[in-house]
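Visitor: Just one file: input-v2.txt, with compact mmCIF, C-alpha atoms and all ligand atoms.
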# COMPACT_ATOMS: atom_id res chain seq x y z
CA MET J 495 0.00 0.00 0.00
CA VAL J 496 1.42 3.36 -0.96
CA ILE J 497 -0.66 5.23 1.63
CA LYS J 498 1.06 4.51 4.92
CA PRO J 499 -0.82 2.98 7.85
CA MET J 500 -0.91 5.44 10.75
CA LEU J 501 1.85 4.01 12.88
CA ALA J 502 4.13 3.74 9.86
CA TYR J 503 3.38 7.35 8.97
CA VAL J 504 4.23 8.57 12.50
CA ARG J 505 7.46 6.62 12.34
CA THR J 506 8.36 8.18 8.99
CA LEU J 507 7.97 11.64 10.51
CA LEU J 508 9.99 10.73 13.60
CA THR J 509 12.72 9.18 11.49
CA GLU J 510 12.92 12.31 9.40
CA VAL J 511 13.19 14.69 12.34
CA LEU J 512 15.30 12.78 14.89
CA ASN J 513 19.08 12.46 14.66
CA GLU J 514 21.87 11.08 16.83
CA GLY J 515 22.17 13.10 20.04
CA ASP J 516 18.62 14.50 20.02
CA VAL J 517 16.16 14.67 22.90
CA ALA J 518 12.70 13.08 22.55
CA VAL J 519 9.75 12.45 24.87
CA ASP J 520 7.36 9.50 25.01
CA ALA J 521 4.44 11.01 26.92
CA THR J 522 2.53 7.69 27.19
CA VAL J 523 5.14 4.95 27.59
CA GLY J 524 2.82 1.94 27.96
CA ASN J 525 4.67 -1.20 26.91
CA GLY J 526 7.49 0.89 25.47
CA HIS J 527 7.24 0.20 21.75
CA ASP J 528 7.43 3.90 20.90
CA THR J 529 10.07 4.54 23.58
CA LEU J 530 12.28 1.89 22.01
CA PHE J 531 11.80 3.35 18.55
CA LEU J 532 12.73 6.82 19.83
CA ALA J 533 15.76 5.47 21.72
CA GLN J 534 17.04 3.82 18.55
CA LEU J 535 16.69 7.07 16.60
CA VAL J 536 18.42 9.36 19.12
CA GLY J 537 21.37 6.99 19.41
CA GLU J 538 23.92 6.56 22.19
CA SER J 539 24.37 10.27 22.82
CA GLY J 540 20.65 11.06 22.75
CA ARG J 541 18.02 10.95 25.49
CA VAL J 542 14.40 9.86 25.71
CA TYR J 543 12.21 11.02 28.61
CA GLY J 544 9.31 8.63 29.22
CA PHE J 545 6.16 9.22 31.30
CA ASP J 546 3.44 6.88 32.52
CA ILE J 547 1.25 6.77 35.62
CA GLN J 548 1.40 2.95 35.86
CA ALA J 549 4.50 1.33 37.36
CA GLU J 550 3.61 -1.87 35.49
CA ALA J 551 3.90 -0.03 32.17
CA LEU J 552 7.28 1.48 33.00
CA ALA J 553 8.62 -1.91 34.14
CA SER J 554 7.52 -3.50 30.88
CA ALA J 555 9.06 -0.67 28.84
CA ARG J 556 12.33 -0.77 30.79
CA ALA J 557 12.62 -4.52 30.17
CA ARG J 558 12.04 -3.95 26.45
CA LEU J 559 14.80 -1.35 26.24
CA GLU J 560 17.17 -3.48 28.33
CA GLU J 561 16.64 -6.40 26.01
CA ALA J 562 17.51 -4.15 23.07
CA GLY J 563 20.60 -2.86 24.90
CA VAL J 564 19.48 0.79 24.86
CA ALA J 565 18.07 1.28 28.37
CA GLU J 566 20.70 3.87 29.32
CA ARG J 567 19.30 6.21 26.65
CA ALA J 568 15.96 6.53 28.49
CA ALA J 569 14.86 8.19 31.73
CA PHE J 570 11.48 6.98 33.00
CA PHE J 571 9.16 8.96 35.27
CA LEU J 572 6.20 7.55 37.18
CA GLU J 573 4.44 10.87 36.70
CA SER J 574 1.64 12.33 34.67
CA HIS J 575 2.74 13.79 31.35
CA ALA J 576 1.04 17.01 32.52
CA GLU J 577 4.11 17.46 34.78
CA MET J 578 6.69 17.08 32.02
CA ARG J 579 7.92 20.68 32.28
CA GLU J 580 9.41 19.79 35.69
CA PHE J 581 11.53 16.98 34.28
CA VAL J 582 12.33 17.74 30.65
CA PRO J 583 14.69 20.52 29.55
CA ALA J 584 13.69 22.72 26.60
CA GLY J 585 15.16 21.81 23.22
CA VAL J 586 13.13 18.69 22.48
CA LYS J 587 12.97 17.46 18.85
CA ALA J 588 9.97 15.10 19.08
CA VAL J 589 7.17 14.17 21.47
CA THR J 590 4.77 11.25 21.00
CA PHE J 591 1.39 10.71 22.66
CA ASN J 592 -0.48 7.44 22.14
CA LEU J 593 -3.68 8.04 24.10
CA GLY J 594 -6.12 5.59 25.66
CA TYR J 595 -5.41 2.54 27.82
CA LEU J 596 -2.49 0.17 28.22
CA PRO J 597 -2.97 -2.83 25.90
CA GLY J 598 -3.20 -5.96 28.07
CA GLY J 599 -3.30 -3.83 31.22
CA ASP J 600 -5.90 -2.17 33.45
CA LEU J 601 -8.52 -0.91 30.99
CA SER J 602 -9.92 1.49 33.59
CA VAL J 603 -6.75 3.59 33.53
CA VAL J 604 -7.08 5.84 30.51
CA THR J 605 -5.67 9.17 29.47
CA THR J 606 -8.11 12.02 30.12
CA GLU J 607 -8.79 15.44 28.70
CA ALA J 608 -7.92 17.11 32.04
CA SER J 609 -4.26 16.09 31.89
CA THR J 610 -3.82 15.45 28.17
CA VAL J 611 -4.56 18.99 26.99
CA PRO J 612 -2.14 20.71 29.44
CA ALA J 613 0.45 18.03 28.61
CA LEU J 614 0.14 18.74 24.89
CA GLN J 615 0.64 22.45 25.48
CA ALA J 616 3.71 21.71 27.65
CA ALA J 617 5.07 19.45 24.92
CA LEU J 618 4.60 22.10 22.25
CA ASP J 619 6.34 24.67 24.47
CA LEU J 620 9.34 22.35 24.99
CA LEU J 621 9.80 21.63 21.27
CA VAL J 622 12.35 23.42 19.13
CA PRO J 623 11.07 25.03 15.90
CA GLY J 624 10.85 22.22 13.33
CA GLY J 625 10.20 19.69 16.09
CA ILE J 626 7.31 17.21 15.81
CA LEU J 627 4.48 16.41 18.21
CA SER J 628 2.47 13.31 17.27
CA VAL J 629 -0.83 12.40 18.91
CA MET J 630 -2.79 9.18 18.30
CA LEU J 631 -6.41 9.65 19.32
CA TYR J 632 -8.96 6.90 19.93
CA ALA J 633 -12.57 8.06 20.12
CA GLY J 634 -14.05 4.54 20.28
CA HIS J 635 -14.57 4.53 24.08
CA ASP J 636 -16.50 7.06 26.20
CA GLU J 637 -13.58 8.93 27.77
CA GLY J 638 -11.72 8.76 24.47
CA LYS J 639 -14.55 10.53 22.68
CA VAL J 640 -14.53 13.44 25.16
CA GLU J 641 -10.73 13.54 25.15
CA SER J 642 -10.49 13.42 21.34
CA GLU J 643 -12.91 16.33 20.97
CA ALA J 644 -10.93 18.41 23.47
CA VAL J 645 -7.62 17.63 21.79
CA LEU J 646 -8.96 18.37 18.31
CA ASP J 647 -10.37 21.67 19.58
CA TRP J 648 -7.02 22.59 21.19
CA ALA J 649 -5.13 21.76 18.00
CA HIS J 650 -7.62 23.55 15.76
CA HIS J 651 -7.01 26.79 17.67
CA LEU J 652 -3.22 26.75 17.48
CA HIS J 653 -2.11 29.79 15.52
CA LYS J 654 -0.82 28.88 12.07
CA LYS J 655 2.35 30.86 12.78
CA GLU J 656 2.95 28.70 15.85
CA ALA J 657 2.43 25.27 14.32
CA HIS J 658 1.46 23.33 11.21
CA VAL J 659 -1.30 20.94 12.26
CA LEU J 660 -2.02 17.89 10.10
CA MET J 661 -4.93 15.50 10.71
CA TYR J 662 -4.43 12.00 9.26
CA ARG J 663 -7.22 9.46 9.24
CA PHE J 664 -8.78 6.77 7.07
CA TRP J 665 -12.08 8.41 6.24
CA ASN J 666 -13.99 5.31 5.09
CA GLN J 667 -13.20 3.03 8.06
CA LYS J 668 -16.07 2.18 10.43
CA ASN J 669 -16.33 2.24 14.26
CA SER J 670 -14.39 5.40 15.18
CA PRO J 671 -11.00 4.64 13.61
CA PRO J 672 -8.03 6.35 15.26
CA ILE J 673 -7.01 9.86 14.29
CA LEU J 674 -3.42 11.00 14.06
CA LEU J 675 -2.46 14.61 14.66
CA ALA J 676 1.01 15.54 13.47
CA ILE J 677 2.01 18.98 14.70
CA GLU J 678 5.17 20.70 13.53
CA LYS J 679 6.30 23.60 15.66
CA ARG J 680 7.10 26.84 13.89
CA GLY J 681 8.77 29.96 15.27
CA ARG J 682 7.39 31.99 18.18
CA LEU J 683 4.51 34.40 17.52
C1 LIG T 701 -2.17 3.47 24.57
S1 LIG T 701 -1.12 3.29 25.96
C2 LIG T 701 0.46 3.65 25.27
C3 LIG T 701 1.01 2.54 24.43
C4 LIG T 701 2.50 2.66 24.19
N1 LIG T 701 2.83 3.71 23.27
C5 LIG T 701 3.14 1.34 23.77
O1 LIG T 701 4.02 1.34 22.93
O2 LIG T 701 2.77 0.32 24.32
C6 LIG T 701 -1.47 4.71 26.94
C7 LIG T 701 -0.65 4.80 28.21
O3 LIG T 701 -0.87 6.09 28.78
C8 LIG T 701 -0.75 5.96 30.17
N2 LIG T 701 -1.31 7.14 30.84
C9 LIG T 701 -2.59 7.38 31.23
N3 LIG T 701 -2.68 8.60 31.79
C10 LIG T 701 -1.43 9.14 31.76
C11 LIG T 701 -0.87 10.38 32.21
N4 LIG T 701 -1.64 11.32 32.78
N5 LIG T 701 0.45 10.59 32.03
C12 LIG T 701 1.24 9.65 31.44
N6 LIG T 701 0.76 8.46 30.99
C13 LIG T 701 -0.55 8.21 31.15
C14 LIG T 701 -1.46 4.67 30.47
O4 LIG T 701 -1.05 4.17 31.72
C15 LIG T 701 -1.02 3.79 29.29
O5 LIG T 701 0.08 3.01 29.62
Starting from the coordinates I provided, produce the structure as structure tokens.
Ligand SMILES: C[S@@+](CC[C@H](N)C(=O)[O-])C[C@H]1O[C@@H](n2cnc3c(N)ncnc32)[C@H](O)[C@@H]1O
Guide:
Amino acid sequence: MVIKPMLAYVRTLLTEVLNEGDVAVDATVGNGHDTLFLAQLVGESGRVYGFDIQAEALASARARLEEAGVAERAAFFLESHAEMREFVPAGVKAVTFNLGYLPGGDLSVVTTEASTVPALQAALDLLVPGGILSVMLYAGHDEGKVESEAVLDWAHHLHKKEAHVLMYRFWNQKNSPPILLAIEKRGRL
């Protein structure tokens, strides 16, 4: 297929923007698939800051990075991504959010509008111009619907001089298919 599936498209963007020595953030670590991908892109001299509110998720992600021999490239925080300003220095090249619940984990623990929207603004503030913020939204469950609407509204109102905002979705899929927002930071207003 020439049109890339969503995850492949996100990874294309991240691959294009991240280089050896860069700083990246995984705002929803989960089982660590995205953290590992980021750690491989930033290389030995780079750094990935990872956030999750479930210790179980961070343990699973840490094991995944250890197995790949790249664990020293990541710093994990058992904290809400809404607090990322306290832990991450400015100058970030890419931030990924994969919203919803931990696959195979506690389905009652989901990302919510109340912390996701402030976290997205913090992420955008930490990015360098040209940096990428990717957000995978799932509106197929109740909280996800509310959260998706809030995130889309936040993104829609970003000034075009502050960021390019791309929405990527398969329009003819049924049952609330995921939506990807790819946000590229521009210069300050
Ligand atoms: C869809 S999963 C992420 C999947 C992950 N990218 C992977 O590769 O497995 C969403 C994760 O967000 C976490 N989460 C929920 N609320 C959060 C918050 N306020 N801050 C950080 N992580 C949160 C959940 O615990 C869950 O592990």
Visitor: Residues within 12 Å of Gly563 in chain J, please, as a PDB file with C-alpha atoms, in the coordinates of the input. Count only C-alpha atoms; anything in the same chain fewer than 5 positions from it doesn't count.
Guide:
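That gives us out_35.pdb:
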ATOM      1  CA  LEU J 530      12.280   1.890  22.010  1.00  0.00           C
ATOM      2  CA  ALA J 533      15.760   5.470  21.720  1.00  0.00           C
ATOM      3  CA  GLN J 534      17.040   3.820  18.550  1.00  0.00           C
ATOM      4  CA  GLY J 537      21.370   6.990  19.410  1.00  0.00           C
ATOM      5  CA  GLU J 538      23.920   6.560  22.190  1.00  0.00           C
ATOM      6  CA  ARG J 556      12.330  -0.770  30.790  1.00  0.00           C
ATOM      7  CA  ALA J 557      12.620  -4.520  30.170  1.00  0.00           C
ATOM      8  CA  ARG J 558      12.040  -3.950  26.450  1.00  0.00           C
ATOM      9  CA  ALA J 568      15.960   6.530  28.490  1.00  0.00           C
TER      10      ALA J 568
END
Visitor: Excluding Leu620 in chain J and residues on its chain fewer than 3 positions from it, collect all residues at most 7 Å away from it, counting all atoms listed in the file, and give them as a PyMOL selection string.
Guide: chain J and resi 584-586+616-617
Visitor: Counting only C-alpha atoms and all ligand atoms, which protein, DNA or RNA residues come within 7 Å of ligand LIG 701 (chain T), given as a PDB file with C-alpha atoms, in the frame of the given file?
Guide:
ATOM      1  CA  ALA J 521       4.440  11.010  26.920  1.00  0.00           C
ATOM      2  CA  THR J 522       2.530   7.690  27.190  1.00  0.00           C
ATOM      3  CA  VAL J 523       5.140   4.950  27.590  1.00  0.00           C
ATOM      4  CA  GLY J 524       2.820   1.940  27.960  1.00  0.00           C
ATOM      5  CA  ASN J 525       4.670  -1.200  26.910  1.00  0.00           C
ATOM      6  CA  GLY J 526       7.490   0.890  25.470  1.00  0.00           C
ATOM      7  CA  HIS J 527       7.240   0.200  21.750  1.00  0.00           C
ATOM      8  CA  ASP J 528       7.430   3.900  20.900  1.00  0.00           C
ATOM      9  CA  THR J 529      10.070   4.540  23.580  1.00  0.00           C
ATOM     10  CA  PHE J 545       6.160   9.220  31.300  1.00  0.00           C
ATOM     11  CA  ASP J 546       3.440   6.880  32.520  1.00  0.00           C
ATOM     12  CA  ILE J 547       1.250   6.770  35.620  1.00  0.00           C
ATOM     13  CA  GLN J 548       1.400   2.950  35.860  1.00  0.00           C
ATOM     14  CA  ALA J 551       3.900  -0.030  32.170  1.00  0.00           C
ATOM     15  CA  GLU J 573       4.440  10.870  36.700  1.00  0.00           C
ATOM     16  CA  SER J 574       1.640  12.330  34.670  1.00  0.00           C
ATOM     17  CA  HIS J 575       2.740  13.790  31.350  1.00  0.00           C
ATOM     18  CA  ALA J 576       1.040  17.010  32.520  1.00  0.00           C
ATOM     19  CA  ASN J 592      -0.480   7.440  22.140  1.00  0.00           C
ATOM     20  CA  LEU J 593      -3.680   8.040  24.100  1.00  0.00           C
ATOM     21  CA  GLY J 594      -6.120   5.590  25.660  1.00  0.00           C
ATOM     22  CA  TYR J 595      -5.410   2.540  27.820  1.00  0.00           C
ATOM     23  CA  LEU J 596      -2.490   0.170  28.220  1.00  0.00           C
ATOM     24  CA  PRO J 597      -2.970  -2.830  25.900  1.00  0.00           C
ATOM     25  CA  VAL J 603      -6.750   3.590  33.530  1.00  0.00           C
ATOM     26  CA  VAL J 604      -7.080   5.840  30.510  1.00  0.00           C
ATOM     27  CA  THR J 605      -5.670   9.170  29.470  1.00  0.00           C
ATOM     28  CA  THR J 606      -8.110  12.020  30.120  1.00  0.00           C
ATOM     29  CA  SER J 609      -4.260  16.090  31.890  1.00  0.00           C
ATOM     30  CA  THR J 610      -3.820  15.450  28.170  1.00  0.00           C
TER      31      THR J 610
END
Visitor: Smallest atom-to-atom distance to Leu646 in chain J: which of J:Gly598, J:Phe531, J:Glu561, J:Ala676, using all atoms listed in the file?
Guide: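 Nearest candidate to Leu646 in chain J out of J:Gly598, J:Phe531, J:Glu561, J:Ala676: J:Ala676.
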Visitor: Could you tell me how far CA of Met500 in chain J sits from CA of Leu618 in chain J, in Å to one decimal place?
Guide: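 Taking CA of Leu618 in chain J and CA of Met500 in chain J, their separation equals 21.0 Å.
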Visitor: Just to confirm, what's the straight-line distance from CA of Ser539 in chain J to CA of Ala569 in chain J in Å (one decimal)?
Guide: 13.2 Å
Visitor: Of the candidates J:Ala518, J:Ala549, J:Lys679, J:Leu512, which shows the shortest atom-to-atom distance to Phe591 in chain J, using all atoms listed in the file?
Guide: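 When distances to Phe591 in chain J are compared using all atoms listed in the file, the smallest one comes from J:Ala518.
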Visitor: Could you check the closest approach to Gly625 in chain J for each of J:Lys587, J:His658, J:Arg567, J:His653 and tell me which residue wins, using only C-alpha atoms?
Guide: J:Lys587
Visitor: Please put the answer as JSON: centre and edge lengths, in Å with one decimal, of a box along x, y and z that encloses all listed atoms of range 518-523 of chain J plus 3 Å on each side.
Guide:
{"center_x": 7.6, "center_y": 9.0, "center_z": 25.1, "size_x": 16.2, "size_y": 14.1, "size_z": 11.0}
Visitor: Please, what distance in Å, to one decimal, runs between CA of Leu621 in chain J and CA of Glu514 in chain J?
Guide: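 Spanning CA of Leu621 in chain J to CA of Glu514 in chain J is a straight-line distance of 16.6 Å.
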Visitor: Identify, on the basis of all atoms listed in the file, every residue whose closest approach to Ser628 in chain J does not exceed 8 Å; exclude the query and any residue fewer than 4 positions from it along the same chain; express the result as a list of chain:residue names.
Guide: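 Everything that qualifies: J:Val504, J:Ala588, J:Val589, J:Thr590, J:Phe591, J:Leu674, J:Leu675, J:Ala676, J:Ile677.
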